[in-house]
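Undergrad: Pasting in a structure now, in structure tokens, and then I'll have a few things to ask.
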Amino acid sequence: MTRRAVVVGTGHYLPERVVENAEFEATLDTTDEWIRSRSGIERRHFAAEGETTSDMAAKAAERALADAGLTADDVDAIVVATSTPDLTFPSAATMVQSKLGMTKGFAFDVQAVCAGFVYALSNASALIASGQANRVMVIGAETFSRIMDWTDRGTCVLFGDGAGALLLEAQEQPGTNADRGILATDLNSDGRYKDLLYVDGGVSTQSTGHLRMQGNQVFRHAVEKLASTANTALDRAGLSAADVDWIVPHQANIRIIQGTAKKMGLSMDNVVVTVQDHGNTSAASIPLALSVGKERGQIKEGDLIVTEAIGGGLAWGAVVLRW
């Protein structure tokens, strides 16, 4: 038997404020059609004044607990993937721990930008496989609206805020690729490409900074690296793209999503797409899409899922799991 990290609950949270593409037409040289045609994005959510990353993360976690029929006392660890924490320290995860009323266990953040949730899932799976935790709440949460340059039409129209959460539980499985739970992961990074996607500020430079991106270059790397990491993770699980029920990708750009599916030889009918309604929510996009996909009735128990993401670093990776 093999100890696997199995998804037992999902939840997500989106801020109340919905920003349609047309809202940008008053301040930028852009149109709804221009944004849709280049990204597939139609709208996104922005956090309210005073609404923080940990606020959203906690709400998503509460919904995942309710979905699982469990309470915070049943959780051993919290891992939050975010590049936009409330404070420099402590971690957003410890703030979520407090907001959930969880007084035991441990909590920490993972920072790998848009690939953050894949990295967090991999870490959570290792914690469970090693016996350090029996249940881990894995959350992706971002307030990217706080780091936008509102004069840069190439970036500010692409991003949104939100949070998604998965509750993982240790379960003994037979030890084959038909098991439920996380079956394989693949993580990568290459710091030579830092200047393609970054924020031009931070604590040691004593400024908050704004997001900067060379969109064409990021696109060029994205499709190749995403398809490659997904296939590597599938190989490690002893599976192939033909076995996949759903790709649940990082929701950055519809053209990247389409290109990756095509390179893997899969139809868009096998892809959960939420980018049109959420925009790019960075580390929150995969758990948001998983939660929405389950809510829609797309994702069902026993389905084989591949999640993949690429973000600043560059950092990228994939997780293969059976729901």
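Letters A, B, ... go to the chains of the structure tokens in the order shown; residues in each chain start at 1; ligands are counted from 1 in the same order.
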Quick one: everything within 12 Å of Thr232 in chain A, counting only C-alpha atoms, minus sequence neighbours fewer than 6 positions away in the same chain. Send it as a PyMOL selection string.

TA: chain A and resi 184-188+225-226+238-241+264+306+308+317-320

Undergrad: Taking 3 positions as the minimum chain separation for residues in the same chain, which residues sit within 10 Å of Ile35 in chain A when counting only C-alpha atoms? Answer as a list in words.

TA: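 Once the adjacent positions are removed, what remains is Asn21, Ala22, Phe24, Thr30, Thr31, Asp32, Arg38, Ser39, Gly40, Ile41, Glu42, Arg43, Arg153, Gly154, Val157 and Leu158 of chain A.
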
Undergrad: Export, as a PDB file, in the first residue's frame, the selected residues with C-alpha atoms.

TA:
```
ATOM      1  CA  ASN A  21     -12.973  44.858 -20.053  1.00  0.00           C
ATOM      2  CA  ALA A  22     -14.944  47.928 -21.100  1.00  0.00           C
ATOM      3  CA  PHE A  24     -10.421  50.000 -19.069  1.00  0.00           C
ATOM      4  CA  THR A  30      -7.555  49.517 -25.449  1.00  0.00           C
ATOM      5  CA  THR A  31     -10.926  47.921 -26.174  1.00  0.00           C
ATOM      6  CA  ASP A  32     -12.916  44.952 -25.003  1.00  0.00           C
ATOM      7  CA  ARG A  38      -5.259  38.532 -27.267  1.00  0.00           C
ATOM      8  CA  SER A  39      -6.012  36.893 -23.929  1.00  0.00           C
ATOM      9  CA  GLY A  40      -9.506  35.417 -23.861  1.00  0.00           C
ATOM     10  CA  ILE A  41     -10.233  37.520 -20.770  1.00  0.00           C
ATOM     11  CA  GLU A  42     -13.653  39.182 -20.497  1.00  0.00           C
ATOM     12  CA  ARG A  43     -13.708  40.213 -16.846  1.00  0.00           C
ATOM     13  CA  ARG A 153      -2.147  48.191 -21.106  1.00  0.00           C
ATOM     14  CA  GLY A 154      -0.008  45.124 -21.775  1.00  0.00           C
ATOM     15  CA  VAL A 157      -5.834  44.285 -18.128  1.00  0.00           C
ATOM     16  CA  LEU A 158      -4.657  40.705 -17.639  1.00  0.00           C
TER      17      LEU A 158
END
```

Undergrad: With only C-alpha atoms as the counted atoms, please give the residues lying no more than 7 Å from range 51-68 of chain A, apart from itself and same-chain residues fewer than 4 positions off, as a ChimeraX atom specification.

TA: /A:8-13,47,84-86,92,95-96,99-100,139,141-143,162-167

Undergrad: May I have the selected residues written with C-alpha atoms, as an mmCIF file, in the first residue's frame?

TA:
```cif
data_model
loop_
_atom_site.group_PDB
_atom_site.id
_atom_site.type_symbol
_atom_site.label_atom_id
_atom_site.label_comp_id
_atom_site.auth_asym_id
_atom_site.auth_seq_id
_atom_site.Cartn_x
_atom_site.Cartn_y
_atom_site.Cartn_z
ATOM 1 C CA VAL A 8 -11.273 15.595 -0.112
ATOM 2 C CA GLY A 9 -12.501 19.197 -0.316
ATOM 3 C CA THR A 10 -12.369 22.251 -2.577
ATOM 4 C CA GLY A 11 -13.430 25.862 -2.212
ATOM 5 C CA HIS A 12 -12.858 29.248 -3.780
ATOM 6 C CA TYR A 13 -13.505 32.898 -3.160
ATOM 7 C CA ALA A 47 -10.288 43.015 -4.014
ATOM 8 C CA THR A 84 1.232 39.125 -2.731
ATOM 9 C CA PRO A 85 1.149 38.443 1.028
ATOM 10 C CA ASP A 86 -0.468 40.912 3.416
ATOM 11 C CA ALA A 92 -0.096 34.728 5.016
ATOM 12 C CA MET A 95 -2.759 34.548 9.313
ATOM 13 C CA VAL A 96 -5.102 32.040 7.673
ATOM 14 C CA LYS A 99 -8.601 33.212 10.990
ATOM 15 C CA LEU A 100 -9.679 29.569 10.810
ATOM 16 C CA ILE A 139 -4.332 27.493 -0.894
ATOM 17 C CA ALA A 141 -4.404 33.431 -3.120
ATOM 18 C CA GLU A 142 -3.407 36.701 -4.775
ATOM 19 C CA THR A 143 -4.178 40.421 -4.834
ATOM 20 C CA GLY A 162 -9.048 35.655 -5.853
ATOM 21 C CA ALA A 163 -8.324 32.496 -3.914
ATOM 22 C CA GLY A 164 -8.823 28.756 -4.235
ATOM 23 C CA ALA A 165 -8.185 25.913 -1.792
ATOM 24 C CA LEU A 166 -7.787 22.135 -1.824
ATOM 25 C CA LEU A 167 -7.854 20.001 1.297
#
```

Undergrad: From the set A:Ala227, A:Val203, A:Thr27, A:Phe159, which residue has the shortest atom-to-atom contact distance to Phe89 in chain A, counting only C-alpha atoms?

TA: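 Smallest distance to Phe89 in chain A is found for A:Val203.
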
Undergrad: Report, in Å to a single decimal, how far apart CA of Gln298 in chain A and CA of Asp269 in chain A are.

TA: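 We find that CA of Asp269 in chain A and CA of Gln298 in chain A lie 10.4 Å from each other.
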
Undergrad: Which of these residues is nearest to Glu169 in chain A, using only C-alpha atoms: A:Lys294, A:Lys194, A:Lys262, A:Arg135?

TA: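 Smallest distance to Glu169 in chain A is found for A:Arg135.
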
Undergrad: Compile the contact shell of Tyr119 in chain A as an mmCIF file with N, CA and C atoms, in the first residue's frame: residues with an atom at most 8 Å away, counting only C-alpha atoms, same-chain residues fewer than 2 positions apart removed.

TA:
```
data_model
loop_
_atom_site.group_PDB
_atom_site.id
_atom_site.type_symbol
_atom_site.label_atom_id
_atom_site.label_comp_id
_atom_site.auth_asym_id
_atom_site.auth_seq_id
_atom_site.Cartn_x
_atom_site.Cartn_y
_atom_site.Cartn_z
ATOM 1 N N ALA A 81 0.208 29.426 -1.332
ATOM 2 C CA ALA A 81 1.001 29.892 -2.466
ATOM 3 C C ALA A 81 0.570 31.318 -2.789
ATOM 4 N N VAL A 110 4.536 29.578 0.175
ATOM 5 C CA VAL A 110 5.397 29.189 -0.941
ATOM 6 C C VAL A 110 5.301 30.296 -1.983
ATOM 7 N N ALA A 112 6.322 31.031 -5.755
ATOM 8 C CA ALA A 112 6.839 30.684 -7.076
ATOM 9 C C ALA A 112 5.955 31.336 -8.138
ATOM 10 N N ALA A 115 3.418 29.731 -10.800
ATOM 11 C CA ALA A 115 3.620 28.296 -10.587
ATOM 12 C C ALA A 115 3.487 27.926 -9.114
ATOM 13 N N GLY A 116 3.167 28.887 -8.271
ATOM 14 C CA GLY A 116 3.169 28.673 -6.831
ATOM 15 C C GLY A 116 2.284 27.545 -6.354
ATOM 16 N N PHE A 117 1.094 27.392 -6.951
ATOM 17 C CA PHE A 117 0.190 26.353 -6.457
ATOM 18 C C PHE A 117 0.715 24.961 -6.789
ATOM 19 N N LEU A 121 1.401 22.232 -3.960
ATOM 20 C CA LEU A 121 0.843 20.876 -4.008
ATOM 21 C C LEU A 121 1.944 19.836 -3.865
ATOM 22 N N SER A 122 3.053 20.071 -4.538
ATOM 23 C CA SER A 122 4.167 19.132 -4.465
ATOM 24 C C SER A 122 4.703 19.035 -3.039
ATOM 25 N N ASN A 123 4.853 20.184 -2.383
ATOM 26 C CA ASN A 123 5.310 20.195 -0.992
ATOM 27 C C ASN A 123 4.312 19.499 -0.071
ATOM 28 N N LEU A 187 8.875 19.754 -11.079
ATOM 29 C CA LEU A 187 9.138 21.168 -10.795
ATOM 30 C C LEU A 187 10.410 21.611 -11.501
ATOM 31 N N GLY A 317 5.989 23.972 -13.641
ATOM 32 C CA GLY A 317 5.857 22.610 -13.149
ATOM 33 C C GLY A 317 4.469 22.055 -13.401
#
```

Undergrad: Using backbone DSSP assignments, extract all helix (DSSP H, G or I) residues from range 65-277 of chain A; output them as number ranges by chain.

TA: A: 65-68, 72-74, 92-100, 113-129, 144-147, 191-196, 203-205, 215-236, 241-243, 254-263, 268-270, 275-277

Undergrad: Produce a table with one row for each residue of range 73-171 of chain A that has an atom at most 10 Å from any atom of range 176-183 of chain A, each row naming the nearest atom pair and its distance in Å at one decimal; use only C-alpha atoms; arrange rows by chain and rising residue number; format as a tab-separated table.

TA:
```
residue	atom	partner	partner_atom	distance
A:Leu121	CA	A:Ile182	CA	8.6
A:Ser122	CA	A:Ile182	CA	8.5
A:Ala124	CA	A:Ile182	CA	9.8
A:Ser125	CA	A:Ile182	CA	6.8
A:Ala126	CA	A:Ile182	CA	9.8
A:Ala129	CA	A:Ile182	CA	9.9
A:Leu168	CA	A:Gly181	CA	8.4
A:Glu169	CA	A:Gly181	CA	8.8
A:Ala170	CA	A:Gly181	CA	8.8
A:Gln171	CA	A:Gly181	CA	8.2
```

Undergrad: Take the residues just selected and output them with C-alpha atoms as a PDB file, in the first residue's frame.

TA:
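What ended up in result_2.pdb:
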```pdb
ATOM      1  CA  LEU A 121       0.843  20.876  -4.008  1.00  0.00           C
ATOM      2  CA  SER A 122       4.167  19.132  -4.465  1.00  0.00           C
ATOM      3  CA  ALA A 124       1.999  19.175   0.580  1.00  0.00           C
ATOM      4  CA  SER A 125       2.141  15.776  -1.105  1.00  0.00           C
ATOM      5  CA  ALA A 126       5.645  15.239   0.296  1.00  0.00           C
ATOM      6  CA  ALA A 129       3.849  10.912   2.007  1.00  0.00           C
ATOM      7  CA  LEU A 168      -5.575  16.990   0.951  1.00  0.00           C
ATOM      8  CA  GLU A 169      -5.902  13.921   3.160  1.00  0.00           C
ATOM      9  CA  ALA A 170      -3.575  10.948   3.635  1.00  0.00           C
ATOM     10  CA  GLN A 171      -5.161   7.762   2.345  1.00  0.00           C
TER      11      GLN A 171
END
```

Undergrad: So how far away is CA of Ala233 in chain A from CA of Arg322 in chain A, in Å?

TA: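 CA of Ala233 in chain A lies 12.9 Å from CA of Arg322 in chain A.
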
Undergrad: What does the distance between CA of Glu301 in chain A and CA of Thr82 in chain A come to in Å, to one decimal place?

TA: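 Interatomic distance, CA of Glu301 in chain A to CA of Thr82 in chain A: 27.7 Å.
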
Undergrad: Residues of range 49-157 of chain A classed as strand (DSSP E or B) by DSSP on the backbone are to be reported as a list in words.

TA: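 Strand (DSSP E or B) members of range 49-157 of chain A, listed: Ala77, Ile78, Val79, Val80, Ala81, Phe106, Ala107, Phe108, Asp109, Val110, Arg135, Val136, Met137, Val138, Ile139, Gly140, Ala141, Glu142 and Thr143 of chain A.
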
Undergrad: Write a file of the just-selected residues containing N, CA and C atoms, as an mmCIF file, in the first residue's frame.

TA:
```cif
data_model
loop_
_atom_site.group_PDB
_atom_site.id
_atom_site.type_symbol
_atom_site.label_atom_id
_atom_site.label_comp_id
_atom_site.auth_asym_id
_atom_site.auth_seq_id
_atom_site.Cartn_x
_atom_site.Cartn_y
_atom_site.Cartn_z
ATOM 1 N N ALA A 77 -1.740 21.087 8.686
ATOM 2 C CA ALA A 77 -0.844 22.075 8.088
ATOM 3 C C ALA A 77 -1.579 22.900 7.043
ATOM 4 N N ILE A 78 -1.092 24.120 6.859
ATOM 5 C CA ILE A 78 -1.600 25.012 5.822
ATOM 6 C C ILE A 78 -0.423 25.486 4.984
ATOM 7 N N VAL A 79 -0.549 25.356 3.666
ATOM 8 C CA VAL A 79 0.457 25.874 2.750
ATOM 9 C C VAL A 79 -0.240 26.871 1.829
ATOM 10 N N VAL A 80 0.215 28.113 1.854
ATOM 11 C CA VAL A 80 -0.364 29.156 1.005
ATOM 12 C C VAL A 80 0.631 29.538 -0.083
ATOM 13 N N ALA A 81 0.208 29.426 -1.332
ATOM 14 C CA ALA A 81 1.001 29.892 -2.466
ATOM 15 C C ALA A 81 0.570 31.318 -2.789
ATOM 16 N N PHE A 106 1.089 23.498 11.728
ATOM 17 C CA PHE A 106 2.029 24.498 11.228
ATOM 18 C C PHE A 106 1.522 25.081 9.918
ATOM 19 N N ALA A 107 2.093 26.236 9.550
ATOM 20 C CA ALA A 107 1.646 26.942 8.355
ATOM 21 C C ALA A 107 2.814 27.707 7.755
ATOM 22 N N PHE A 108 2.880 27.714 6.418
ATOM 23 C CA PHE A 108 3.945 28.471 5.752
ATOM 24 C C PHE A 108 3.523 28.830 4.331
ATOM 25 N N ASP A 109 4.217 29.828 3.771
ATOM 26 C CA ASP A 109 3.955 30.277 2.403
ATOM 27 C C ASP A 109 4.962 29.671 1.434
ATOM 28 N N VAL A 110 4.536 29.578 0.175
ATOM 29 C CA VAL A 110 5.397 29.189 -0.941
ATOM 30 C C VAL A 110 5.301 30.296 -1.983
ATOM 31 N N ARG A 135 -3.518 15.754 7.119
ATOM 32 C CA ARG A 135 -4.372 16.614 6.294
ATOM 33 C C ARG A 135 -3.683 17.959 6.113
ATOM 34 N N VAL A 136 -3.605 18.403 4.857
ATOM 35 C CA VAL A 136 -2.955 19.675 4.532
ATOM 36 C C VAL A 136 -3.903 20.515 3.690
ATOM 37 N N MET A 137 -4.130 21.747 4.121
ATOM 38 C CA MET A 137 -4.900 22.710 3.339
ATOM 39 C C MET A 137 -3.928 23.460 2.435
ATOM 40 N N VAL A 138 -4.138 23.328 1.126
ATOM 41 C CA VAL A 138 -3.267 23.994 0.147
ATOM 42 C C VAL A 138 -4.081 25.092 -0.528
ATOM 43 N N ILE A 139 -3.582 26.319 -0.436
ATOM 44 C CA ILE A 139 -4.332 27.493 -0.894
ATOM 45 C C ILE A 139 -3.486 28.301 -1.866
ATOM 46 N N GLY A 140 -4.108 28.781 -2.910
ATOM 47 C CA GLY A 140 -3.499 29.789 -3.776
ATOM 48 C C GLY A 140 -4.316 31.053 -3.642
ATOM 49 N N ALA A 141 -3.672 32.179 -3.329
ATOM 50 C CA ALA A 141 -4.404 33.431 -3.120
ATOM 51 C C ALA A 141 -3.540 34.607 -3.558
ATOM 52 N N GLU A 142 -4.157 35.551 -4.262
ATOM 53 C CA GLU A 142 -3.407 36.701 -4.775
ATOM 54 C C GLU A 142 -4.263 37.967 -4.823
ATOM 55 N N THR A 143 -3.597 39.092 -4.571
ATOM 56 C CA THR A 143 -4.178 40.421 -4.834
ATOM 57 C C THR A 143 -3.245 41.153 -5.796
#
```

Undergrad: So which residues touch Gly313 in chain A within 10 Å, counting only C-alpha atoms, skipping near sequence neighbours fewer than 5 positions away, as a PDB file with C-alpha atoms, in the first residue's frame?

TA:
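Result saved to out_1.pdb:
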```
ATOM      1  CA  ALA A 112       6.839  30.684  -7.076  1.00  0.00           C
ATOM      2  CA  VAL A 113       4.543  33.315  -8.652  1.00  0.00           C
ATOM      3  CA  CYS A 114       2.072  31.738 -11.115  1.00  0.00           C
ATOM      4  CA  ALA A 115       3.620  28.296 -10.587  1.00  0.00           C
ATOM      5  CA  ASN A 188      11.540  23.399 -12.732  1.00  0.00           C
ATOM      6  CA  SER A 189      13.038  26.882 -12.706  1.00  0.00           C
ATOM      7  CA  ASP A 190      15.602  28.890 -14.658  1.00  0.00           C
ATOM      8  CA  GLY A 191      16.676  32.191 -13.136  1.00  0.00           C
ATOM      9  CA  ARG A 192      18.301  33.370 -16.361  1.00  0.00           C
ATOM     10  CA  TYR A 193      14.857  34.490 -17.492  1.00  0.00           C
ATOM     11  CA  LYS A 194      14.085  36.753 -14.534  1.00  0.00           C
ATOM     12  CA  ASP A 195      13.676  39.850 -16.706  1.00  0.00           C
ATOM     13  CA  LEU A 196      10.800  38.338 -18.690  1.00  0.00           C
ATOM     14  CA  LEU A 197       8.356  38.606 -15.784  1.00  0.00           C
ATOM     15  CA  TYR A 198       9.072  40.336 -12.492  1.00  0.00           C
TER      16      TYR A 198
END
```

Undergrad: Please determine, counting only C-alpha atoms, which residue among A:Leu28, A:Ala222, A:Ala48, A:Val272 has the shortest atom-to-atom distance to Ser145 in chain A.

TA: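 Once distances to Ser145 in chain A are computed over only C-alpha atoms, the minimum belongs to A:Ala48.
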
Undergrad: Counting only C-alpha atoms, which residue out of A:Gly175, A:Ala26, A:Ala120, A:Asn270 sits closest to Met1 in chain A?

TA: A:Gly175

Undergrad: When you look at Asn280 in chain A with a cut-off of 8 Å (counting only C-alpha atoms), what residues show up, excluding the ones that are within fewer than 5 positions of it in the same chain? I need them as a PyMOL selection string.

TA: chain A and resi 158-160+250-253+275+285

Undergrad: From the set A:Thr208, A:Met268, A:Thr71, A:Ser91, which residue has the shortest atom-to-atom contact distance to Ile247 in chain A, counting only C-alpha atoms?

TA: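 Of all the options, A:Met268 lies closest to Ile247 in chain A.
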